[in-house]
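What's in entry_30.cif: mmCIF, C-alpha atoms
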data_target
#
loop_
_atom_site.label_atom_id
_atom_site.label_comp_id
_atom_site.auth_asym_id
_atom_site.auth_seq_id
_atom_site.Cartn_x
_atom_site.Cartn_y
_atom_site.Cartn_z
CA TYR A 12 -2.32 -45.88 -66.74
CA THR A 13 0.18 -48.24 -65.15
CA THR A 14 0.08 -49.55 -61.58
CA VAL A 15 3.24 -50.98 -60.06
CA LEU A 16 2.76 -53.81 -57.55
CA LYS A 17 5.37 -55.21 -55.22
CA LEU A 18 4.92 -58.69 -53.80
CA THR A 19 7.06 -59.23 -50.72
CA GLY A 20 7.69 -61.65 -47.97
CA CYS A 21 9.37 -58.99 -45.85
CA SER A 22 7.91 -57.94 -42.50
CA GLU A 23 6.76 -54.44 -41.50
CA GLU A 24 10.16 -53.93 -39.88
CA GLU A 25 11.96 -54.65 -43.16
CA PHE A 26 12.48 -52.90 -46.46
CA THR A 27 11.98 -54.86 -49.68
CA CYS A 28 14.85 -54.45 -52.11
CA SER A 29 13.99 -54.46 -55.80
CA ASP A 30 15.54 -57.92 -56.11
CA GLY A 31 13.13 -59.23 -53.45
CA SER A 32 15.59 -59.51 -50.59
CA CYS A 33 14.87 -57.95 -47.19
CA VAL A 34 16.91 -55.58 -45.03
CA HIS A 35 15.93 -54.06 -41.70
CA MET A 36 14.27 -50.63 -41.90
CA THR A 37 17.14 -49.10 -39.93
CA SER A 38 19.25 -49.80 -43.03
CA ARG A 39 16.94 -47.68 -45.18
CA CYS A 40 18.59 -44.39 -46.18
CA ASN A 41 21.48 -44.76 -43.71
CA GLY A 42 24.17 -43.91 -46.26
CA LYS A 43 25.23 -47.53 -46.78
CA ASN A 44 24.24 -49.90 -49.58
CA ASP A 45 22.66 -52.86 -47.77
CA CYS A 46 20.60 -54.14 -50.71
CA SER A 47 22.71 -55.81 -53.37
CA ASP A 48 20.95 -53.62 -55.95
CA GLU A 49 21.43 -50.50 -53.74
CA THR A 50 17.70 -49.67 -53.78
CA ASP A 51 17.68 -49.12 -50.01
CA GLU A 52 19.49 -45.83 -50.72
CA ALA A 53 17.24 -44.74 -53.59
CA GLU A 54 14.56 -42.03 -53.24
CA CYS A 55 15.86 -40.95 -49.85
CA LYS A 56 14.13 -37.59 -49.62
CA ALA A 57 14.17 -36.54 -45.97
CA PHE A 58 10.66 -35.14 -45.80
CA VAL A 59 7.34 -34.52 -47.51
CA GLN A 60 5.50 -31.20 -47.23
CA SER A 61 1.82 -30.57 -46.66
CA MET A 62 -0.27 -29.11 -49.46
CA GLY A 63 0.41 -25.40 -49.90
CA TYR A 64 3.68 -25.40 -47.93
CA ASP A 65 5.52 -22.09 -48.32
CA SER A 66 9.20 -21.90 -47.31
CA PHE A 67 8.82 -18.11 -46.88
CA LYS A 68 6.05 -18.39 -44.27
CA VAL A 69 6.75 -18.99 -40.58
CA PRO A 70 5.34 -22.38 -39.48
CA PRO A 71 2.35 -22.17 -37.12
CA PRO A 72 3.13 -22.36 -33.38
CA LEU A 73 2.60 -25.64 -31.57
CA GLY A 74 -0.38 -26.12 -29.30
CA ASN A 75 -1.95 -22.91 -28.02
CA GLY A 76 1.21 -20.84 -28.47
CA THR A 77 1.10 -17.42 -30.10
CA LYS A 78 4.65 -17.46 -31.50
CA HIS A 79 6.81 -20.04 -33.23
CA ASP A 80 9.69 -21.07 -30.94
CA VAL A 81 13.27 -21.30 -32.23
CA PHE A 82 15.88 -22.65 -29.80
CA LEU A 83 19.31 -21.02 -29.99
CA THR A 84 22.69 -22.51 -29.07
CA ILE A 85 25.96 -20.59 -29.48
CA ASN A 86 29.37 -22.28 -29.58
CA ILE A 87 32.27 -19.83 -29.32
CA TRP A 88 35.20 -21.50 -31.06
CA ASP A 89 37.75 -18.78 -30.50
CA ILE A 90 38.13 -15.13 -29.49
CA VAL A 91 40.43 -13.96 -32.26
CA GLU A 92 41.00 -10.38 -31.13
CA ILE A 93 40.10 -8.07 -28.25
CA ASN A 94 40.71 -4.46 -29.27
CA GLU A 95 40.14 -2.10 -26.35
CA LYS A 96 41.27 0.99 -28.27
CA GLU A 97 38.87 0.49 -31.21
CA GLY A 98 36.11 -0.92 -29.02
CA PHE A 99 35.42 -4.36 -30.43
CA PHE A 100 36.09 -8.05 -29.95
CA ARG A 101 36.20 -10.54 -32.83
CA CYS A 102 35.34 -14.19 -32.44
CA LYS A 103 34.46 -17.33 -34.37
CA ILE A 104 31.08 -18.78 -33.46
CA SER A 105 28.64 -21.47 -34.52
CA VAL A 106 24.97 -20.50 -34.46
CA ILE A 107 22.73 -23.53 -33.97
CA ARG A 108 18.98 -23.12 -34.28
CA LYS A 109 16.38 -25.83 -33.74
CA TRP A 110 12.65 -25.75 -34.36
CA PHE A 111 9.59 -27.85 -35.09
CA ASP A 112 7.67 -27.57 -38.35
CA GLN A 113 4.33 -29.33 -38.14
CA LYS A 114 3.66 -28.78 -41.85
CA VAL A 115 6.49 -31.20 -42.66
CA THR A 116 6.49 -34.98 -42.31
CA PHE A 117 9.88 -36.68 -42.17
CA GLN A 118 10.50 -40.13 -43.54
CA ASN A 119 12.99 -42.94 -42.97
CA ILE A 120 15.07 -41.02 -40.43
CA GLN A 121 17.49 -42.81 -38.13
CA ASN A 122 17.59 -42.84 -34.34
CA GLU A 123 21.00 -41.08 -34.41
CA THR A 124 20.86 -37.40 -35.36
CA GLU A 125 24.18 -37.42 -37.23
CA LEU A 126 22.72 -39.93 -39.73
CA ASN A 127 19.81 -37.63 -40.58
CA ALA A 128 21.51 -35.02 -42.75
CA ILE A 129 19.31 -32.88 -45.01
CA ASN A 130 20.91 -32.43 -48.41
CA PRO A 131 21.37 -28.94 -49.93
CA GLU A 132 18.59 -29.43 -52.48
CA ASP A 133 16.02 -30.26 -49.79
CA ARG A 134 17.22 -27.45 -47.48
CA SER A 135 16.09 -24.85 -49.99
CA LEU A 136 12.53 -26.17 -49.71
CA LEU A 137 12.30 -25.62 -45.94
CA TRP A 138 11.52 -22.50 -43.93
CA LYS A 139 14.45 -21.31 -41.82
CA PRO A 140 14.61 -18.54 -39.20
CA TRP A 141 16.19 -15.21 -40.02
CA THR A 142 18.41 -14.27 -37.09
CA MET A 143 20.41 -11.04 -37.18
CA PHE A 144 23.50 -9.76 -35.33
CA GLU A 145 22.47 -6.55 -33.59
CA ASN A 146 25.54 -4.94 -31.97
CA ILE A 147 27.83 -4.83 -35.00
CA GLU A 148 28.91 -1.74 -36.91
CA ASP A 149 27.65 -2.93 -40.31
CA GLN A 150 27.17 -6.07 -42.39
CA GLY A 151 30.82 -6.00 -43.40
CA LYS A 152 31.78 -6.96 -39.84
CA TYR A 153 30.78 -10.60 -40.15
CA SER A 154 31.46 -13.36 -42.65
CA GLN A 155 30.73 -17.05 -42.96
CA THR A 156 33.66 -19.35 -42.16
CA ASP A 157 34.71 -22.35 -44.23
CA ARG A 158 33.15 -24.68 -41.65
CA ARG A 159 30.34 -26.44 -43.53
CA GLN A 160 26.68 -25.84 -42.77
CA VAL A 161 24.99 -28.72 -40.97
CA TRP A 162 21.29 -29.46 -41.40
CA THR A 163 19.93 -32.49 -39.55
CA ILE A 164 16.69 -33.94 -38.23
CA VAL A 165 16.65 -34.62 -34.48
CA PRO A 166 14.36 -37.63 -33.82
CA ASN A 167 12.00 -37.62 -30.87
CA SER A 168 13.24 -39.42 -27.77
CA ASN A 169 10.76 -42.27 -28.21
CA TYR A 170 11.62 -42.70 -31.91
CA SER A 171 7.89 -42.93 -32.60
CA PHE A 172 6.65 -43.15 -36.19
CA VAL A 173 3.71 -44.20 -38.37
CA LEU A 174 3.93 -46.93 -40.99
CA ALA A 175 3.07 -46.18 -44.60
CA GLU A 176 -0.25 -47.50 -45.85
CA LYS A 177 -0.36 -50.88 -47.54
CA SER A 178 -1.02 -49.15 -50.86
CA SER A 179 2.43 -47.55 -50.73
CA LEU A 180 5.02 -49.12 -53.03
CA HIS A 181 7.79 -48.91 -50.43
CA ASN A 182 7.69 -49.64 -46.72
CA THR A 183 8.23 -46.21 -45.16
CA TYR A 184 8.40 -44.84 -41.60
CA PHE A 185 6.79 -41.40 -41.24
CA PHE A 186 7.79 -39.01 -38.44
CA ASP A 187 5.63 -36.08 -37.36
CA GLY A 188 7.23 -32.65 -37.82
CA ALA A 189 5.57 -31.46 -34.59
CA SER A 190 7.70 -33.84 -32.49
CA ASN A 191 10.93 -34.17 -34.51
CA MET A 192 13.14 -31.09 -34.74
CA ILE A 193 15.08 -29.49 -37.57
CA SER A 194 18.60 -28.41 -36.57
CA TYR A 195 20.53 -25.83 -38.60
CA GLU A 196 24.16 -24.95 -37.78
CA ILE A 197 26.21 -22.26 -39.50
CA SER A 198 29.52 -20.66 -38.48
CA TYR A 199 30.68 -17.05 -38.67
CA THR A 200 33.52 -14.73 -37.77
CA VAL A 201 31.90 -11.68 -36.14
CA GLU A 202 33.30 -8.37 -34.94
CA TRP A 203 31.11 -7.28 -31.99
CA LEU A 204 31.06 -3.74 -30.62
CA CYS A 205 32.11 -3.47 -26.96
CA ASP A 206 32.36 -0.41 -24.70
CA PHE A 207 35.50 -1.05 -22.64
CA GLN A 208 35.72 0.76 -19.30
CA MET A 209 39.42 1.27 -18.48
CA GLU A 210 39.23 3.37 -15.28
CA TRP A 211 40.28 0.46 -13.04
CA PHE A 212 42.98 -0.98 -15.32
CA PRO A 213 44.61 -3.45 -14.67
CA PHE A 214 42.07 -4.49 -12.03
CA ASP A 215 39.16 -3.99 -14.42
CA THR A 216 36.45 -6.43 -15.43
CA GLN A 217 34.92 -5.95 -18.87
CA SER A 218 31.45 -6.92 -20.05
CA CYS A 219 31.03 -7.55 -23.78
CA THR A 220 27.88 -8.84 -25.45
CA MET A 221 26.69 -10.67 -28.53
CA GLU A 222 23.14 -9.61 -29.40
CA PHE A 223 20.96 -11.81 -31.61
CA LEU A 224 17.71 -10.44 -32.97
CA GLN A 225 14.92 -12.42 -34.60
CA ALA A 226 13.65 -10.63 -37.71
CA GLU A 227 10.17 -12.19 -37.79
CA ASN A 228 7.71 -10.78 -35.23
CA SER A 229 5.89 -14.12 -35.09
CA VAL A 230 9.04 -15.99 -33.97
CA ARG A 231 10.35 -16.24 -30.40
CA LEU A 232 14.08 -16.87 -29.98
CA ILE A 233 14.72 -19.06 -26.92
CA PRO A 234 18.22 -19.38 -25.38
CA GLU A 235 19.21 -23.01 -25.01
CA ALA A 236 22.99 -23.19 -24.41
CA VAL A 237 26.27 -21.31 -24.83
CA ASP A 238 29.77 -22.77 -24.61
CA TYR A 239 33.32 -21.51 -25.03
CA LEU A 240 35.51 -24.05 -26.85
CA GLY A 241 38.61 -21.96 -27.50
CA GLN A 242 41.94 -21.45 -25.78
CA GLU A 243 42.92 -18.88 -23.20
CA HIS A 244 43.52 -15.36 -24.48
CA PRO A 245 46.99 -13.90 -23.63
CA GLN A 246 45.67 -10.59 -22.24
CA HIS A 247 42.34 -11.68 -20.78
CA PHE A 248 40.60 -14.66 -19.28
CA ILE A 249 36.90 -15.45 -19.37
CA ARG A 250 35.28 -15.08 -15.94
CA SER A 251 31.85 -16.17 -17.10
CA ILE A 252 29.51 -16.46 -20.07
CA THR A 253 25.75 -16.14 -19.66
CA MET A 254 22.84 -16.24 -22.08
CA CYS A 255 19.33 -14.85 -21.66
CA SER A 256 16.23 -13.68 -23.51
CA THR A 257 15.65 -10.00 -24.11
CA LYS A 258 13.70 -7.48 -26.15
CA LEU A 259 15.80 -5.63 -28.73
CA ASN A 260 14.08 -2.75 -30.51
CA GLY A 261 10.72 -4.34 -29.75
CA LYS A 262 11.68 -7.71 -31.25
CA GLU A 263 12.48 -11.06 -29.64
CA GLY A 264 16.18 -11.50 -29.03
CA VAL A 265 18.93 -13.21 -27.06
CA ILE A 266 21.99 -11.66 -25.42
CA VAL A 267 25.21 -13.56 -24.69
CA GLU A 268 27.31 -11.71 -22.10
CA VAL A 269 31.03 -12.44 -21.90
CA ILE A 270 32.76 -11.21 -18.72
CA LEU A 271 36.51 -10.69 -19.21
CA GLY A 272 39.19 -10.37 -16.52
CA ARG A 273 42.96 -9.90 -16.63
CA PRO A 274 45.67 -12.34 -15.50
CA LEU A 275 47.07 -10.00 -12.84
CA LEU A 276 49.98 -12.23 -11.80
CA SER A 277 51.54 -12.09 -15.26
CA LYS A 278 50.95 -8.32 -15.32
CA PHE A 279 52.78 -7.83 -12.00
CA LEU A 280 55.65 -10.08 -13.06
CA THR A 281 56.06 -8.04 -16.24
CA VAL A 282 56.18 -4.78 -14.28
CA ILE A 283 58.71 -6.12 -11.72
CA TYR A 284 60.89 -7.63 -14.43
CA ASN A 285 61.01 -4.37 -16.34
#

For the file at hand, write its structure as structure tokens.
Amino acid sequence: YTTVLKLTGCSEEEFTCSDGSCVHMTSRCNGKNDCSDETDEAECKAFVQSMGYDSFKVPPPLGNGTKHDVFLTINIWDIVEINEKEGFFRCKISVIRKWFDQKVTFQNIQNETELNAINPEDRSLLWKPWTMFENIEDQGKYSQTDRRQVWTIVPNSNYSFVLAEKSSLHNTYFFDGASNMISYEISYTVEWLCDFQMEWFPFDTQSCTMEFLQAENSVRLIPEAVDYLGQEHPQHFIRSITMCSTKLNGKEGVIVEVILGRPLLSKFLTVIYN
């Protein structure tokens, strides 16, 4: 067999390029060629998996927990349509889920999350949560937008890591999957069912919901944040948006409630003008 040895004068905080020169470890796998031979950007796999890792099995919960926690953030980009007659509202949203996977060890990640993208090939090797839309008529009522999926690794706040052993060919920083999160963002256009109550029109306030259900019984969906990033709707304004945990059909879920009001001044002006 053949053993490859690398003799280096670089420190533990530096990566040894194949030509013998040294660059700081923060330059390793940062998307820029800092070595003249470009070897600092070679073999930049984001993670290594433990023996027997199965991307179809839910990772074990951390500590003494009984369920694996997945943190949910919803960004509402736009409310495209509010149809009171047909009983639905359509909007564009981004669903962001974050979780820990202690069966994965990350390597050479940067202190800035945006620099820690997981490439499509590696994504397919990781477990990801299966979150469903509950209050829609059927699967034809949602579709993925052209906004690209974003997979990143969120480093721990202390940026703590373990150095590779001396027997390793390359100087590598290893990051524990139990303290560094995976973030997965995907965007959809969704048509949500809503039961509009029109008795008090035009003084009415409407409550519409987005219901997210976690398919796996061993996973707990935890609400983290919700934000509306769109413009004002011509016939309604958003009074409030809240997000909370719930049980949906016996499974862990999250409900986002959107409270809609009407711009009464413009309604009165229209009536008087006519």

Can you spell out as a PDB file with C-alpha atoms, in the coordinates of the input the set of residues that the PyMOL selection byres ((chain A and resi 52) around 12) selects in the structure I just provided?
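Final file, expr37.pdb:
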ATOM      1  CA  PHE A  26      12.480 -52.900 -46.460  1.00  0.00           C
ATOM      2  CA  THR A  27      11.980 -54.860 -49.680  1.00  0.00           C
ATOM      3  CA  CYS A  28      14.850 -54.450 -52.110  1.00  0.00           C
ATOM      4  CA  SER A  29      13.990 -54.460 -55.800  1.00  0.00           C
ATOM      5  CA  VAL A  34      16.910 -55.580 -45.030  1.00  0.00           C
ATOM      6  CA  MET A  36      14.270 -50.630 -41.900  1.00  0.00           C
ATOM      7  CA  THR A  37      17.140 -49.100 -39.930  1.00  0.00           C
ATOM      8  CA  SER A  38      19.250 -49.800 -43.030  1.00  0.00           C
ATOM      9  CA  ARG A  39      16.940 -47.680 -45.180  1.00  0.00           C
ATOM     10  CA  CYS A  40      18.590 -44.390 -46.180  1.00  0.00           C
ATOM     11  CA  ASN A  41      21.480 -44.760 -43.710  1.00  0.00           C
ATOM     12  CA  GLY A  42      24.170 -43.910 -46.260  1.00  0.00           C
ATOM     13  CA  LYS A  43      25.230 -47.530 -46.780  1.00  0.00           C
ATOM     14  CA  ASN A  44      24.240 -49.900 -49.580  1.00  0.00           C
ATOM     15  CA  ASP A  45      22.660 -52.860 -47.770  1.00  0.00           C
ATOM     16  CA  CYS A  46      20.600 -54.140 -50.710  1.00  0.00           C
ATOM     17  CA  SER A  47      22.710 -55.810 -53.370  1.00  0.00           C
ATOM     18  CA  ASP A  48      20.950 -53.620 -55.950  1.00  0.00           C
ATOM     19  CA  GLU A  49      21.430 -50.500 -53.740  1.00  0.00           C
ATOM     20  CA  THR A  50      17.700 -49.670 -53.780  1.00  0.00           C
ATOM     21  CA  ASP A  51      17.680 -49.120 -50.010  1.00  0.00           C
ATOM     22  CA  ALA A  53      17.240 -44.740 -53.590  1.00  0.00           C
ATOM     23  CA  GLU A  54      14.560 -42.030 -53.240  1.00  0.00           C
ATOM     24  CA  CYS A  55      15.860 -40.950 -49.850  1.00  0.00           C
ATOM     25  CA  LYS A  56      14.130 -37.590 -49.620  1.00  0.00           C
ATOM     26  CA  ALA A  57      14.170 -36.540 -45.970  1.00  0.00           C
ATOM     27  CA  ASN A 119      12.990 -42.940 -42.970  1.00  0.00           C
TER      28      ASN A 119
END

Need to verify the contact set: segment 259-269 of chain A, 6 Å, all atoms listed in the file, exclusion of same-chain residues closer than 4 positions in sequence. Can you return it as a PyMOL selection string?
chain A and resi 218-225+231-232+252-255

Apply the PyMOL selection byres ((chain A and resi 20) around 9) to the file shown and report the selected residues as a PDB file with C-alpha atoms, in the coordinates of the input.
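selection_15.pdb, freshly written:
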ATOM      1  CA  LEU A  18       4.920 -58.690 -53.800  1.00  0.00           C
ATOM      2  CA  THR A  19       7.060 -59.230 -50.720  1.00  0.00           C
ATOM      3  CA  CYS A  21       9.370 -58.990 -45.850  1.00  0.00           C
ATOM      4  CA  SER A  22       7.910 -57.940 -42.500  1.00  0.00           C
ATOM      5  CA  THR A  27      11.980 -54.860 -49.680  1.00  0.00           C
ATOM      6  CA  GLY A  31      13.130 -59.230 -53.450  1.00  0.00           C
ATOM      7  CA  SER A  32      15.590 -59.510 -50.590  1.00  0.00           C
ATOM      8  CA  CYS A  33      14.870 -57.950 -47.190  1.00  0.00           C
TER       9      CYS A  33
END

Segment 97-110 of chain A: which residues within 7 Å, counting all atoms listed in the file, same-chain residues fewer than 5 positions away excluded, as a PyMOL selection string?
chain A and resi 80-92+192-207

Pick from A:Asn94, A:Asn167, A:Thr142, A:Asn75: nearest to His247 of chain A, with all atoms listed in the file counted?
A:Asn94

Rounded to one decimal place, report the atom CA of Tyr153 of chain A-atom CA of Glu125 of chain A distance in Å.
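Answer for the atom CA of Tyr153 of chain A to atom CA of Glu125 of chain A separation: 27.8 Å.
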
Please provide as a PyMOL selection string all residues within 10 Å of Leu136 of chain A, with the sequence filter that same-chain residues fewer than 5 positions apart are discarded (counting all atoms listed in the file).
chain A and resi 58+60+64-67+131

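Atom CA of Ala175 of chain A sits 27.7 Å away from atom CA of Val69 of chain A.
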
Which value, in Å to one decimal, gives the distance between atom CA of Val59 of chain A and atom CA of Thr163 of chain A?
15.0 Å

Extract, using all atoms listed in the file, all DNA, RNA and protein residues at most 10 Å from Asp112 of chain A, discarding same-chain residues fewer than 6 positions from it, and format them as a VMD selection string.
chain A and resid 60 69 to 73 79 137 to 139 187 to 193

Would you save the residues from that selection as a short mmCIF file (atom, residue, chain, number, x, y, z; two decimals), keeping the file's coordinate frame, using C-alpha atoms?
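The resulting file, selection-v3.cif, is reproduced below:
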data_model
loop_
_atom_site.label_atom_id
_atom_site.label_comp_id
_atom_site.auth_asym_id
_atom_site.auth_seq_id
_atom_site.Cartn_x
_atom_site.Cartn_y
_atom_site.Cartn_z
CA GLN A 60 5.50 -31.20 -47.23
CA VAL A 69 6.75 -18.99 -40.58
CA PRO A 70 5.34 -22.38 -39.48
CA PRO A 71 2.35 -22.17 -37.12
CA PRO A 72 3.13 -22.36 -33.38
CA LEU A 73 2.60 -25.64 -31.57
CA HIS A 79 6.81 -20.04 -33.23
CA LEU A 137 12.30 -25.62 -45.94
CA TRP A 138 11.52 -22.50 -43.93
CA LYS A 139 14.45 -21.31 -41.82
CA ASP A 187 5.63 -36.08 -37.36
CA GLY A 188 7.23 -32.65 -37.82
CA ALA A 189 5.57 -31.46 -34.59
CA SER A 190 7.70 -33.84 -32.49
CA ASN A 191 10.93 -34.17 -34.51
CA MET A 192 13.14 -31.09 -34.74
CA ILE A 193 15.08 -29.49 -37.57
#

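Checking A:Ile249, A:Leu174, A:Val237, A:Val230 one by one against Thr77 of chain A, counting all atoms listed in the file, you find the shortest gap at A:Val230.
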
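Comparing the minimum interatomic distances between Thr116 of chain A and each of A:Lys78, A:Glu235, A:Pro166, A:Glu145, counting only C-alpha atoms, we find that A:Pro166 sits nearest.
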